[in-house]
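Data first, discussion second: the structure below is written as structure tokens.
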Amino acid sequence: MQYLNDMAIFVEIVRSKSFSKAGVHLSMPKSTLSERIKRLEKLLGVQLLNRTTRKIELTEAGEMYFDKAQKIIDDALATHELISDFGQGVHGEVRISLPVDFAYELIAPIIPKFCERYPDIRLSFDLNSRKVDLVSEPYDVVIRLWTADSDSLVNHLSFDLDGGLYASPDYLNAHGNPQTPDELYQHKLIRIKAGYNRQWRVFDKQGIESIIHADGSLFSNSLGFTLRLGLQGLGVVALPHMVVESAVKAGALVRVLPDWELMPIRVYVLTTTRLLPAKVQAWIGFLKNELIDGKK
């Protein structure tokens, strides 16, 4: 069964994109890793990696082998952790990739409660705006907004962030408070590049839709930055209710057109496998409790 160990080494090298980095992760010399890969290639009868002085690349056979091998290795590790948790309790590191805004506005406030509940779990966050490749990069969980955007990932949790229109009291005192969606065209509208984009789709309680073309002079790709522009009285913003909750309670923002709701932002919590170790189950369950059940 030695080839299974070599398979695990191959997966780590591909994910690390480097023999040297994989050696650090596995506590093995680079020369040993190279010999193990050569042995695996000899056993399989095909070349898996093209090696150059600067990088490694998968051959066509290597891509096929990696696609199957990484799932086998991940499931094996998850099974090992799942069983070991019975005797040792929930512990270990959970590596999470998520959008910066989602982390700042929605995740950071609930982390103290998680740490108190699960003191033996370490959370490692990678905040970024790019679409990470959960299959080839070393994450346990990825959180995505708007779309899951992958048929190869398993969706363990999805929910909507309902939103509305908001503005500061100073802005509304200076420019008036719109009473219908059509009146928004007389106002400064601060839009987000993605998601709500140029068009704000709003729905009233009867489900009637109105589309507002938000062609203001200010726009960004950040929920947090858009919030701060709204707080400074620069215009009307379209944001999830959970993002502006504290600002509304403090009186810094006021709901505009309260009978109209924005098209929700869909949130997805994804992994590469359905078989999850207890530490990952604990994290996903905590998110469900805090961001879904706790808001009902």
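Chains: A, B, ... in order of the structure tokens. Residues: from 1 per chain. Ligands: from 1, in order shown.
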- Got a sec: who's within 10 Å of Ile56 (chain A), counting only C-alpha atoms, leaving out chain neighbours fewer than 4 positions off, as a ChimeraX atom specification? /A:13-14,17-19,49-52
- Backbone DSSP call of strand (DSSP E or B) for region 94-234 of chain A, listed as number ranges by chain: A: 94-98, 121-127, 141-145, 154-167, 189-192, 199-203, 209-213, 218-220
- Item | All residues 9 Å or closer to region 232-241 of chain A, only C-alpha atoms, same chain fewer than 2 positions away omitted, as an NGL selection string | :A and (161-172 or 184 or 187-192 or 196 or 200 or 216 or 218 or 223 or 226-230 or 243-245 or 256 or 262 or 264-265)
- So how far away is CA of Pro29 (chain A) from CA of Thr59 (chain A), in Å?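 So the two atoms, CA of Thr59 (chain A) and CA of Pro29 (chain A), lie 23.5 Å apart.
Of the residues listed (A:Ala61, A:Ala174, A:Met7, A:Leu157), A:Met7 shows the shortest atom-to-atom separation from Ala76 (chain A); distances use only C-alpha atoms.
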- Message: Using only C-alpha atoms for the distances, tell me which of A:Lys205, A:Arg15, A:Lys279, A:His213 is nearest to Trp260 (chain A).
- Response: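 The shortest atom-to-atom distance to Trp260 (chain A) comes from A:Lys205.
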- Query: With only C-alpha atoms as the basis for distance, which of A:Asn177, A:Asp74, A:Leu153, A:Thr272 is at the shortest distance from Val254 (chain A)?
  - Reply: A:Asn177
What's around region 99-115 of chain A at 9 Å? Count only C-alpha atoms, leave out sequence neighbours fewer than 3 positions away in its own chain, and write the answer as a PDB file with all heavy atoms, in the first residue's frame.
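Generated output (around-v4.pdb):
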ATOM      1  N   TYR A 118     -15.461  26.544  21.295  1.00  0.00           N
ATOM      2  CA  TYR A 118     -14.539  25.517  20.806  1.00  0.00           C
ATOM      3  C   TYR A 118     -13.086  25.975  21.027  1.00  0.00           C
ATOM      4  O   TYR A 118     -12.390  26.346  20.078  1.00  0.00           O
ATOM      5  CB  TYR A 118     -14.777  25.251  19.317  1.00  0.00           C
ATOM      6  CG  TYR A 118     -16.164  24.759  18.989  1.00  0.00           C
ATOM      7  CD1 TYR A 118     -17.124  25.632  18.462  1.00  0.00           C
ATOM      8  CD2 TYR A 118     -16.525  23.432  19.203  1.00  0.00           C
ATOM      9  CE1 TYR A 118     -18.403  25.182  18.159  1.00  0.00           C
ATOM     10  CE2 TYR A 118     -17.800  22.975  18.902  1.00  0.00           C
ATOM     11  CZ  TYR A 118     -18.735  23.851  18.382  1.00  0.00           C
ATOM     12  OH  TYR A 118     -19.995  23.400  18.088  1.00  0.00           O
ATOM     13  N   PRO A 119     -12.617  25.949  22.250  1.00  0.00           N
ATOM     14  CA  PRO A 119     -11.271  26.462  22.552  1.00  0.00           C
ATOM     15  C   PRO A 119     -10.144  25.663  21.915  1.00  0.00           C
ATOM     16  O   PRO A 119      -9.018  26.178  21.787  1.00  0.00           O
ATOM     17  CB  PRO A 119     -11.205  26.377  24.084  1.00  0.00           C
ATOM     18  CG  PRO A 119     -12.207  25.322  24.454  1.00  0.00           C
ATOM     19  CD  PRO A 119     -13.309  25.449  23.452  1.00  0.00           C
ATOM     20  N   ASP A 120     -10.400  24.421  21.492  1.00  0.00           N
ATOM     21  CA  ASP A 120      -9.342  23.588  20.928  1.00  0.00           C
ATOM     22  C   ASP A 120      -9.317  23.604  19.402  1.00  0.00           C
ATOM     23  O   ASP A 120      -8.547  22.868  18.776  1.00  0.00           O
ATOM     24  CB  ASP A 120      -9.506  22.141  21.415  1.00  0.00           C
ATOM     25  CG  ASP A 120      -9.301  22.016  22.914  1.00  0.00           C
ATOM     26  OD1 ASP A 120      -8.453  22.762  23.452  1.00  0.00           O
ATOM     27  OD2 ASP A 120      -9.989  21.197  23.548  1.00  0.00           O
ATOM     28  N   ILE A 121     -10.170  24.427  18.796  1.00  0.00           N
ATOM     29  CA  ILE A 121     -10.157  24.566  17.337  1.00  0.00           C
ATOM     30  C   ILE A 121      -9.436  25.858  16.965  1.00  0.00           C
ATOM     31  O   ILE A 121      -9.726  26.926  17.502  1.00  0.00           O
ATOM     32  CB  ILE A 121     -11.588  24.579  16.757  1.00  0.00           C
ATOM     33  CG1 ILE A 121     -12.273  23.227  16.978  1.00  0.00           C
ATOM     34  CG2 ILE A 121     -11.548  24.896  15.258  1.00  0.00           C
ATOM     35  CD1 ILE A 121     -13.676  23.152  16.410  1.00  0.00           C
ATOM     36  N   ARG A 122      -8.485  25.752  16.045  1.00  0.00           N
ATOM     37  CA  ARG A 122      -7.774  26.920  15.520  1.00  0.00           C
ATOM     38  C   ARG A 122      -8.392  27.314  14.176  1.00  0.00           C
ATOM     39  O   ARG A 122      -8.559  26.454  13.305  1.00  0.00           O
ATOM     40  CB  ARG A 122      -6.287  26.617  15.336  1.00  0.00           C
ATOM     41  CG  ARG A 122      -5.580  26.163  16.603  1.00  0.00           C
ATOM     42  CD  ARG A 122      -4.086  25.984  16.371  1.00  0.00           C
ATOM     43  NE  ARG A 122      -3.816  25.073  15.283  1.00  0.00           N
ATOM     44  CZ  ARG A 122      -3.799  23.744  15.402  1.00  0.00           C
ATOM     45  NH1 ARG A 122      -4.062  23.176  16.574  1.00  0.00           N
ATOM     46  NH2 ARG A 122      -3.531  22.970  14.357  1.00  0.00           N
ATOM     47  N   LEU A 123      -8.717  28.571  14.027  1.00  0.00           N
ATOM     48  CA  LEU A 123      -9.287  29.075  12.776  1.00  0.00           C
ATOM     49  C   LEU A 123      -8.222  29.858  12.024  1.00  0.00           C
ATOM     50  O   LEU A 123      -7.631  30.803  12.555  1.00  0.00           O
ATOM     51  CB  LEU A 123     -10.487  29.976  13.052  1.00  0.00           C
ATOM     52  CG  LEU A 123     -11.690  29.319  13.735  1.00  0.00           C
ATOM     53  CD1 LEU A 123     -12.776  30.351  13.982  1.00  0.00           C
ATOM     54  CD2 LEU A 123     -12.238  28.159  12.908  1.00  0.00           C
ATOM     55  N   PHE A 125      -7.858  32.114   8.715  1.00  0.00           N
ATOM     56  CA  PHE A 125      -8.636  32.812   7.695  1.00  0.00           C
ATOM     57  C   PHE A 125      -7.733  33.365   6.595  1.00  0.00           C
ATOM     58  O   PHE A 125      -6.700  33.973   6.881  1.00  0.00           O
ATOM     59  CB  PHE A 125      -9.420  33.976   8.310  1.00  0.00           C
ATOM     60  CG  PHE A 125     -10.474  33.552   9.284  1.00  0.00           C
ATOM     61  CD1 PHE A 125     -10.263  33.663  10.652  1.00  0.00           C
ATOM     62  CD2 PHE A 125     -11.677  33.035   8.849  1.00  0.00           C
ATOM     63  CE1 PHE A 125     -11.228  33.275  11.556  1.00  0.00           C
ATOM     64  CE2 PHE A 125     -12.653  32.641   9.750  1.00  0.00           C
ATOM     65  CZ  PHE A 125     -12.428  32.756  11.102  1.00  0.00           C
ATOM     66  N   ASP A 126      -8.135  33.158   5.361  1.00  0.00           N
ATOM     67  CA  ASP A 126      -7.482  33.787   4.214  1.00  0.00           C
ATOM     68  C   ASP A 126      -8.508  34.699   3.566  1.00  0.00           C
ATOM     69  O   ASP A 126      -9.461  34.238   2.929  1.00  0.00           O
ATOM     70  CB  ASP A 126      -6.997  32.728   3.220  1.00  0.00           C
ATOM     71  CG  ASP A 126      -6.289  33.348   2.018  1.00  0.00           C
ATOM     72  OD1 ASP A 126      -6.041  34.572   2.042  1.00  0.00           O
ATOM     73  OD2 ASP A 126      -6.000  32.623   1.055  1.00  0.00           O
ATOM     74  N   LEU A 127      -8.343  36.004   3.760  1.00  0.00           N
ATOM     75  CA  LEU A 127      -9.296  36.986   3.239  1.00  0.00           C
ATOM     76  C   LEU A 127      -8.833  37.438   1.863  1.00  0.00           C
ATOM     77  O   LEU A 127      -7.706  37.939   1.705  1.00  0.00           O
ATOM     78  CB  LEU A 127      -9.391  38.188   4.177  1.00  0.00           C
ATOM     79  CG  LEU A 127     -10.312  38.056   5.402  1.00  0.00           C
ATOM     80  CD1 LEU A 127      -9.968  36.860   6.255  1.00  0.00           C
ATOM     81  CD2 LEU A 127     -10.251  39.324   6.229  1.00  0.00           C
ATOM     82  N   ASN A 128      -9.680  37.265   0.869  1.00  0.00           N
ATOM     83  CA  ASN A 128      -9.307  37.658  -0.485  1.00  0.00           C
ATOM     84  C   ASN A 128     -10.556  37.850  -1.320  1.00  0.00           C
ATOM     85  O   ASN A 128     -11.641  37.397  -0.951  1.00  0.00           O
ATOM     86  CB  ASN A 128      -8.406  36.595  -1.125  1.00  0.00           C
ATOM     87  CG  ASN A 128      -9.070  35.240  -1.172  1.00  0.00           C
ATOM     88  OD1 ASN A 128      -9.954  35.009  -1.989  1.00  0.00           O
ATOM     89  ND2 ASN A 128      -8.659  34.341  -0.282  1.00  0.00           N
ATOM     90  N   SER A 129     -10.398  38.506  -2.436  1.00  0.00           N
ATOM     91  CA  SER A 129     -11.532  38.752  -3.326  1.00  0.00           C
ATOM     92  C   SER A 129     -11.493  37.868  -4.565  1.00  0.00           C
ATOM     93  O   SER A 129     -12.398  37.917  -5.392  1.00  0.00           O
ATOM     94  CB  SER A 129     -11.543  40.226  -3.768  1.00  0.00           C
ATOM     95  OG  SER A 129     -10.316  40.566  -4.377  1.00  0.00           O
ATOM     96  N   ARG A 130     -10.449  37.044  -4.689  1.00  0.00           N
ATOM     97  CA  ARG A 130     -10.351  36.180  -5.857  1.00  0.00           C
ATOM     98  C   ARG A 130     -11.109  34.872  -5.627  1.00  0.00           C
ATOM     99  O   ARG A 130     -11.427  34.519  -4.489  1.00  0.00           O
ATOM    100  CB  ARG A 130      -8.882  35.867  -6.170  1.00  0.00           C
ATOM    101  CG  ARG A 130      -8.209  34.989  -5.129  1.00  0.00           C
ATOM    102  CD  ARG A 130      -6.735  34.788  -5.443  1.00  0.00           C
ATOM    103  NE  ARG A 130      -6.092  33.964  -4.430  1.00  0.00           N
ATOM    104  CZ  ARG A 130      -6.039  32.637  -4.466  1.00  0.00           C
ATOM    105  NH1 ARG A 130      -6.588  31.983  -5.493  1.00  0.00           N
ATOM    106  NH2 ARG A 130      -5.444  31.948  -3.507  1.00  0.00           N
ATOM    107  N   ILE A 143     -16.060  30.254   1.490  1.00  0.00           N
ATOM    108  CA  ILE A 143     -17.343  30.964   1.513  1.00  0.00           C
ATOM    109  C   ILE A 143     -17.382  31.873   0.292  1.00  0.00           C
ATOM    110  O   ILE A 143     -16.454  32.668   0.075  1.00  0.00           O
ATOM    111  CB  ILE A 143     -17.494  31.785   2.800  1.00  0.00           C
ATOM    112  CG1 ILE A 143     -17.484  30.863   4.022  1.00  0.00           C
ATOM    113  CG2 ILE A 143     -18.785  32.610   2.767  1.00  0.00           C
ATOM    114  CD1 ILE A 143     -17.514  31.600   5.351  1.00  0.00           C
ATOM    115  N   ARG A 144     -18.436  31.756  -0.490  1.00  0.00           N
ATOM    116  CA  ARG A 144     -18.563  32.577  -1.699  1.00  0.00           C
ATOM    117  C   ARG A 144     -19.897  33.311  -1.686  1.00  0.00           C
ATOM    118  O   ARG A 144     -20.904  32.804  -1.180  1.00  0.00           O
ATOM    119  CB  ARG A 144     -18.466  31.707  -2.951  1.00  0.00           C
ATOM    120  CG  ARG A 144     -17.049  31.206  -3.212  1.00  0.00           C
ATOM    121  CD  ARG A 144     -16.946  30.415  -4.485  1.00  0.00           C
ATOM    122  NE  ARG A 144     -15.576  29.959  -4.699  1.00  0.00           N
ATOM    123  CZ  ARG A 144     -15.241  28.966  -5.505  1.00  0.00           C
ATOM    124  NH1 ARG A 144     -16.189  28.330  -6.170  1.00  0.00           N
ATOM    125  NH2 ARG A 144     -13.987  28.617  -5.648  1.00  0.00           N
ATOM    126  N   LEU A 145     -19.878  34.496  -2.274  1.00  0.00           N
ATOM    127  CA  LEU A 145     -21.086  35.298  -2.430  1.00  0.00           C
ATOM    128  C   LEU A 145     -21.556  35.239  -3.876  1.00  0.00           C
ATOM    129  O   LEU A 145     -20.764  35.035  -4.786  1.00  0.00           O
ATOM    130  CB  LEU A 145     -20.822  36.751  -2.028  1.00  0.00           C
ATOM    131  CG  LEU A 145     -20.243  37.002  -0.641  1.00  0.00           C
ATOM    132  CD1 LEU A 145     -20.119  38.499  -0.392  1.00  0.00           C
ATOM    133  CD2 LEU A 145     -21.094  36.365   0.435  1.00  0.00           C
ATOM    134  N   SER A 222     -16.552  46.893  -2.729  1.00  0.00           N
ATOM    135  CA  SER A 222     -16.472  46.545  -1.309  1.00  0.00           C
ATOM    136  C   SER A 222     -17.738  46.947  -0.577  1.00  0.00           C
ATOM    137  O   SER A 222     -18.156  48.115  -0.628  1.00  0.00           O
ATOM    138  CB  SER A 222     -15.266  47.247  -0.676  1.00  0.00           C
ATOM    139  OG  SER A 222     -15.336  47.214   0.729  1.00  0.00           O
ATOM    140  N   LEU A 223     -18.344  45.994   0.125  1.00  0.00           N
ATOM    141  CA  LEU A 223     -19.510  46.309   0.946  1.00  0.00           C
ATOM    142  C   LEU A 223     -19.125  47.269   2.071  1.00  0.00           C
ATOM    143  O   LEU A 223     -19.848  48.222   2.368  1.00  0.00           O
ATOM    144  CB  LEU A 223     -20.095  45.028   1.547  1.00  0.00           C
ATOM    145  CG  LEU A 223     -20.654  43.979   0.583  1.00  0.00           C
ATOM    146  CD1 LEU A 223     -21.099  42.750   1.372  1.00  0.00           C
ATOM    147  CD2 LEU A 223     -21.808  44.537  -0.213  1.00  0.00           C
ATOM    148  N   GLY A 224     -17.986  47.010   2.716  1.00  0.00           N
ATOM    149  CA  GLY A 224     -17.561  47.841   3.836  1.00  0.00           C
ATOM    150  C   GLY A 224     -17.256  49.271   3.423  1.00  0.00           C
ATOM    151  O   GLY A 224     -17.620  50.219   4.115  1.00  0.00           O
ATOM    152  N   PHE A 225     -16.578  49.436   2.283  1.00  0.00           N
ATOM    153  CA  PHE A 225     -16.254  50.774   1.812  1.00  0.00           C
ATOM    154  C   PHE A 225     -17.522  51.523   1.405  1.00  0.00           C
ATOM    155  O   PHE A 225     -17.676  52.724   1.685  1.00  0.00           O
ATOM    156  CB  PHE A 225     -15.295  50.692   0.629  1.00  0.00           C
ATOM    157  CG  PHE A 225     -14.742  52.029   0.203  1.00  0.00           C
ATOM    158  CD1 PHE A 225     -13.830  52.698   0.997  1.00  0.00           C
ATOM    159  CD2 PHE A 225     -15.144  52.606  -0.987  1.00  0.00           C
ATOM    160  CE1 PHE A 225     -13.320  53.933   0.608  1.00  0.00           C
ATOM    161  CE2 PHE A 225     -14.647  53.832  -1.385  1.00  0.00           C
ATOM    162  CZ  PHE A 225     -13.728  54.499  -0.585  1.00  0.00           C
ATOM    163  N   MET A 242     -27.807  42.981   7.507  1.00  0.00           N
ATOM    164  CA  MET A 242     -26.874  42.586   8.555  1.00  0.00           C
ATOM    165  C   MET A 242     -25.625  43.459   8.564  1.00  0.00           C
ATOM    166  O   MET A 242     -25.001  43.657   9.596  1.00  0.00           O
ATOM    167  CB  MET A 242     -26.486  41.111   8.384  1.00  0.00           C
ATOM    168  CG  MET A 242     -27.632  40.146   8.615  1.00  0.00           C
ATOM    169  SD  MET A 242     -27.182  38.418   8.264  1.00  0.00           S
ATOM    170  CE  MET A 242     -26.054  38.106   9.622  1.00  0.00           C
ATOM    171  N   VAL A 243     -25.244  43.990   7.405  1.00  0.00           N
ATOM    172  CA  VAL A 243     -24.053  44.833   7.315  1.00  0.00           C
ATOM    173  C   VAL A 243     -24.286  46.192   7.973  1.00  0.00           C
ATOM    174  O   VAL A 243     -23.389  46.762   8.586  1.00  0.00           O
ATOM    175  CB  VAL A 243     -23.634  45.003   5.838  1.00  0.00           C
ATOM    176  CG1 VAL A 243     -22.528  46.046   5.687  1.00  0.00           C
ATOM    177  CG2 VAL A 243     -23.170  43.662   5.269  1.00  0.00           C
ATOM    178  N   VAL A 244     -25.495  46.707   7.863  1.00  0.00           N
ATOM    179  CA  VAL A 244     -25.780  48.061   8.364  1.00  0.00           C
ATOM    180  C   VAL A 244     -26.459  48.038   9.727  1.00  0.00           C
ATOM    181  O   VAL A 244     -26.793  49.095  10.274  1.00  0.00           O
ATOM    182  CB  VAL A 244     -26.675  48.831   7.367  1.00  0.00           C
ATOM    183  CG1 VAL A 244     -26.032  48.909   5.995  1.00  0.00           C
ATOM    184  CG2 VAL A 244     -28.052  48.184   7.253  1.00  0.00           C
ATOM    185  N   TRP A 283     -17.581  24.219  12.688  1.00  0.00           N
ATOM    186  CA  TRP A 283     -17.529  25.561  12.100  1.00  0.00           C
ATOM    187  C   TRP A 283     -18.770  25.844  11.254  1.00  0.00           C
ATOM    188  O   TRP A 283     -19.402  26.900  11.393  1.00  0.00           O
ATOM    189  CB  TRP A 283     -16.266  25.718  11.260  1.00  0.00           C
ATOM    190  CG  TRP A 283     -16.214  26.952  10.442  1.00  0.00           C
ATOM    191  CD1 TRP A 283     -16.206  27.059   9.089  1.00  0.00           C
ATOM    192  CD2 TRP A 283     -16.177  28.318  10.923  1.00  0.00           C
ATOM    193  NE1 TRP A 283     -16.163  28.370   8.692  1.00  0.00           N
ATOM    194  CE2 TRP A 283     -16.151  29.158   9.791  1.00  0.00           C
ATOM    195  CE3 TRP A 283     -16.173  28.889  12.194  1.00  0.00           C
ATOM    196  CZ2 TRP A 283     -16.114  30.550   9.902  1.00  0.00           C
ATOM    197  CZ3 TRP A 283     -16.141  30.275  12.302  1.00  0.00           C
ATOM    198  CH2 TRP A 283     -16.111  31.091  11.170  1.00  0.00           C
ATOM    199  N   PHE A 286     -21.820  26.172  13.417  1.00  0.00           N
ATOM    200  CA  PHE A 286     -21.801  27.454  14.118  1.00  0.00           C
ATOM    201  C   PHE A 286     -22.297  28.575  13.195  1.00  0.00           C
ATOM    202  O   PHE A 286     -23.078  29.437  13.620  1.00  0.00           O
ATOM    203  CB  PHE A 286     -20.383  27.754  14.606  1.00  0.00           C
ATOM    204  CG  PHE A 286     -20.237  29.084  15.290  1.00  0.00           C
ATOM    205  CD1 PHE A 286     -20.646  29.263  16.597  1.00  0.00           C
ATOM    206  CD2 PHE A 286     -19.673  30.158  14.613  1.00  0.00           C
ATOM    207  CE1 PHE A 286     -20.513  30.492  17.230  1.00  0.00           C
ATOM    208  CE2 PHE A 286     -19.536  31.389  15.230  1.00  0.00           C
ATOM    209  CZ  PHE A 286     -19.946  31.555  16.546  1.00  0.00           C
ATOM    210  N   LEU A 287     -21.837  28.582  11.955  1.00  0.00           N
ATOM    211  CA  LEU A 287     -22.296  29.593  10.998  1.00  0.00           C
ATOM    212  C   LEU A 287     -23.808  29.513  10.811  1.00  0.00           C
ATOM    213  O   LEU A 287     -24.493  30.548  10.765  1.00  0.00           O
ATOM    214  CB  LEU A 287     -21.600  29.403   9.650  1.00  0.00           C
ATOM    215  CG  LEU A 287     -20.099  29.690   9.578  1.00  0.00           C
ATOM    216  CD1 LEU A 287     -19.593  29.468   8.164  1.00  0.00           C
ATOM    217  CD2 LEU A 287     -19.781  31.111  10.039  1.00  0.00           C
ATOM    218  N   GLU A 290     -25.543  30.969  13.949  1.00  0.00           N
ATOM    219  CA  GLU A 290     -25.376  32.409  14.164  1.00  0.00           C
ATOM    220  C   GLU A 290     -25.955  33.261  13.033  1.00  0.00           C
ATOM    221  O   GLU A 290     -26.535  34.319  13.280  1.00  0.00           O
ATOM    222  CB  GLU A 290     -23.893  32.751  14.345  1.00  0.00           C
ATOM    223  CG  GLU A 290     -23.268  32.162  15.589  1.00  0.00           C
ATOM    224  CD  GLU A 290     -23.915  32.685  16.860  1.00  0.00           C
ATOM    225  OE1 GLU A 290     -24.175  33.901  16.938  1.00  0.00           O
ATOM    226  OE2 GLU A 290     -24.179  31.875  17.773  1.00  0.00           O
ATOM    227  N   LEU A 291     -25.781  32.804  11.797  1.00  0.00           N
ATOM    228  CA  LEU A 291     -26.160  33.641  10.662  1.00  0.00           C
ATOM    229  C   LEU A 291     -27.533  33.319  10.078  1.00  0.00           C
ATOM    230  O   LEU A 291     -28.073  34.108   9.300  1.00  0.00           O
ATOM    231  CB  LEU A 291     -25.096  33.517   9.550  1.00  0.00           C
ATOM    232  CG  LEU A 291     -23.683  33.955   9.952  1.00  0.00           C
ATOM    233  CD1 LEU A 291     -22.736  33.790   8.778  1.00  0.00           C
ATOM    234  CD2 LEU A 291     -23.672  35.400  10.462  1.00  0.00           C
TER     235      LEU A 291
END
- Task: Once DSSP has gone over the backbone, tell me which residues of region 10-193 of chain A are in alpha helix (DSSP H), as a PyMOL selection string.
- Result: chain A and resi 10-16+19-26+30-44+60-88+100-102+111-117+169-175
So which residues touch Gly23 (chain A) within 10 Å, counting only C-alpha atoms, skipping near sequence neighbours fewer than 4 positions away, as a short mmCIF file (atom, residue, chain, number, x, y, z; two decimals) with N, CA, C and O atoms, in the first residue's frame?
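File written: part.cif
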data_model
loop_
_atom_site.label_atom_id
_atom_site.label_comp_id
_atom_site.auth_asym_id
_atom_site.auth_seq_id
_atom_site.Cartn_x
_atom_site.Cartn_y
_atom_site.Cartn_z
N ILE A 9 1.81 12.31 -1.15
CA ILE A 9 2.93 13.22 -1.41
C ILE A 9 2.71 13.97 -2.71
O ILE A 9 2.93 15.19 -2.79
N GLU A 12 0.18 16.75 -2.21
CA GLU A 12 0.74 17.88 -1.47
C GLU A 12 1.67 18.72 -2.34
O GLU A 12 1.67 19.95 -2.28
N ILE A 13 2.46 18.08 -3.19
CA ILE A 13 3.36 18.82 -4.09
C ILE A 13 2.56 19.68 -5.06
O ILE A 13 2.89 20.85 -5.30
N SER A 16 1.00 22.58 -3.18
CA SER A 16 2.01 23.55 -2.75
C SER A 16 2.68 24.23 -3.94
O SER A 16 3.33 25.27 -3.78
N SER A 18 5.23 23.34 -5.39
CA SER A 18 6.67 23.39 -5.17
C SER A 18 7.10 22.16 -4.36
O SER A 18 6.43 21.79 -3.38
N PHE A 19 8.20 21.54 -4.76
CA PHE A 19 8.76 20.44 -3.97
C PHE A 19 9.26 20.96 -2.62
O PHE A 19 9.11 20.30 -1.59
N SER A 27 7.62 17.75 6.30
CA SER A 27 8.85 17.50 7.07
C SER A 27 9.70 16.43 6.41
O SER A 27 10.20 15.50 7.06
N MET A 28 9.87 16.57 5.10
CA MET A 28 10.67 15.62 4.33
C MET A 28 11.61 16.38 3.41
O MET A 28 11.27 17.46 2.91
N PRO A 29 12.83 15.87 3.17
CA PRO A 29 13.76 16.54 2.25
C PRO A 29 13.23 16.56 0.82
O PRO A 29 12.51 15.65 0.39
N LYS A 30 13.60 17.59 0.10
CA LYS A 30 13.17 17.73 -1.29
C LYS A 30 13.62 16.53 -2.13
O LYS A 30 12.88 16.05 -2.99
N SER A 31 14.83 16.03 -1.87
CA SER A 31 15.36 14.90 -2.64
C SER A 31 14.51 13.64 -2.43
O SER A 31 14.28 12.87 -3.37
N THR A 32 14.02 13.45 -1.21
CA THR A 32 13.18 12.29 -0.93
C THR A 32 11.85 12.38 -1.68
O THR A 32 11.36 11.39 -2.24
N LEU A 33 11.27 13.59 -1.69
CA LEU A 33 10.01 13.77 -2.42
C LEU A 33 10.19 13.48 -3.90
O LEU A 33 9.34 12.85 -4.54
N SER A 34 11.31 13.94 -4.45
CA SER A 34 11.59 13.71 -5.87
C SER A 34 11.69 12.22 -6.18
O SER A 34 11.13 11.74 -7.18
#
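What separates CA of Ser246 (chain A) from CA of Pro258 (chain A) is a distance of 17.0 Å.
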- Query: Between CA of Lys68 (chain A) and CA of Lys42 (chain A), what is the spacing in Å?
  - Reply: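 Atom-to-atom, CA of Lys42 (chain A) to CA of Lys68 (chain A), that is 18.4 Å.
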- Task: For Glu60 (chain A), work out the shell of residues within 12 Å, counting only C-alpha atoms and skipping chain neighbours fewer than 5 positions away, then give it as a list in words.
- Result: Val46, Gln47, Leu48, Leu49, Asn50, Tyr65, Phe66 and Asp67 of chain A
- Contacts of Thr79 (chain A) at 9 Å (only C-alpha atoms; same-chain gap of 5+ positions) as a list in words: Asp74, Ser84, Leu275, Leu276 and Pro277 of chain A
Based on the selection just made, write N, CA, C and O atoms of those residues as a short mmCIF file (atom, residue, chain, number, x, y, z; two decimals), in the first residue's frame.
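Generated file (result20.cif):
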data_model
loop_
_atom_site.label_atom_id
_atom_site.label_comp_id
_atom_site.auth_asym_id
_atom_site.auth_seq_id
_atom_site.Cartn_x
_atom_site.Cartn_y
_atom_site.Cartn_z
N ASP A 74 -8.19 13.41 0.57
CA ASP A 74 -9.02 14.26 1.44
C ASP A 74 -10.02 13.43 2.23
O ASP A 74 -10.24 13.65 3.42
N SER A 84 -10.78 9.87 15.04
CA SER A 84 -9.94 10.29 16.17
C SER A 84 -10.65 11.28 17.07
O SER A 84 -10.36 11.38 18.27
N LEU A 275 -17.85 14.19 3.40
CA LEU A 275 -17.36 13.59 4.63
C LEU A 275 -16.45 14.58 5.34
O LEU A 275 -15.32 14.82 4.92
N LEU A 276 -16.95 15.17 6.42
CA LEU A 276 -16.22 16.25 7.09
C LEU A 276 -15.78 15.84 8.48
O LEU A 276 -16.53 15.21 9.23
N PRO A 277 -14.55 16.22 8.87
CA PRO A 277 -14.13 16.00 10.25
C PRO A 277 -14.94 16.87 11.20
O PRO A 277 -15.55 17.87 10.79
#
- Task: Counting only C-alpha atoms, figure out which residue out of A:Lys55, A:Arg117, A:His175, A:Arg95 gets nearest to Tyr139 (chain A).
- Result: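 Closest residue, counting only C-alpha atoms: A:Arg95.
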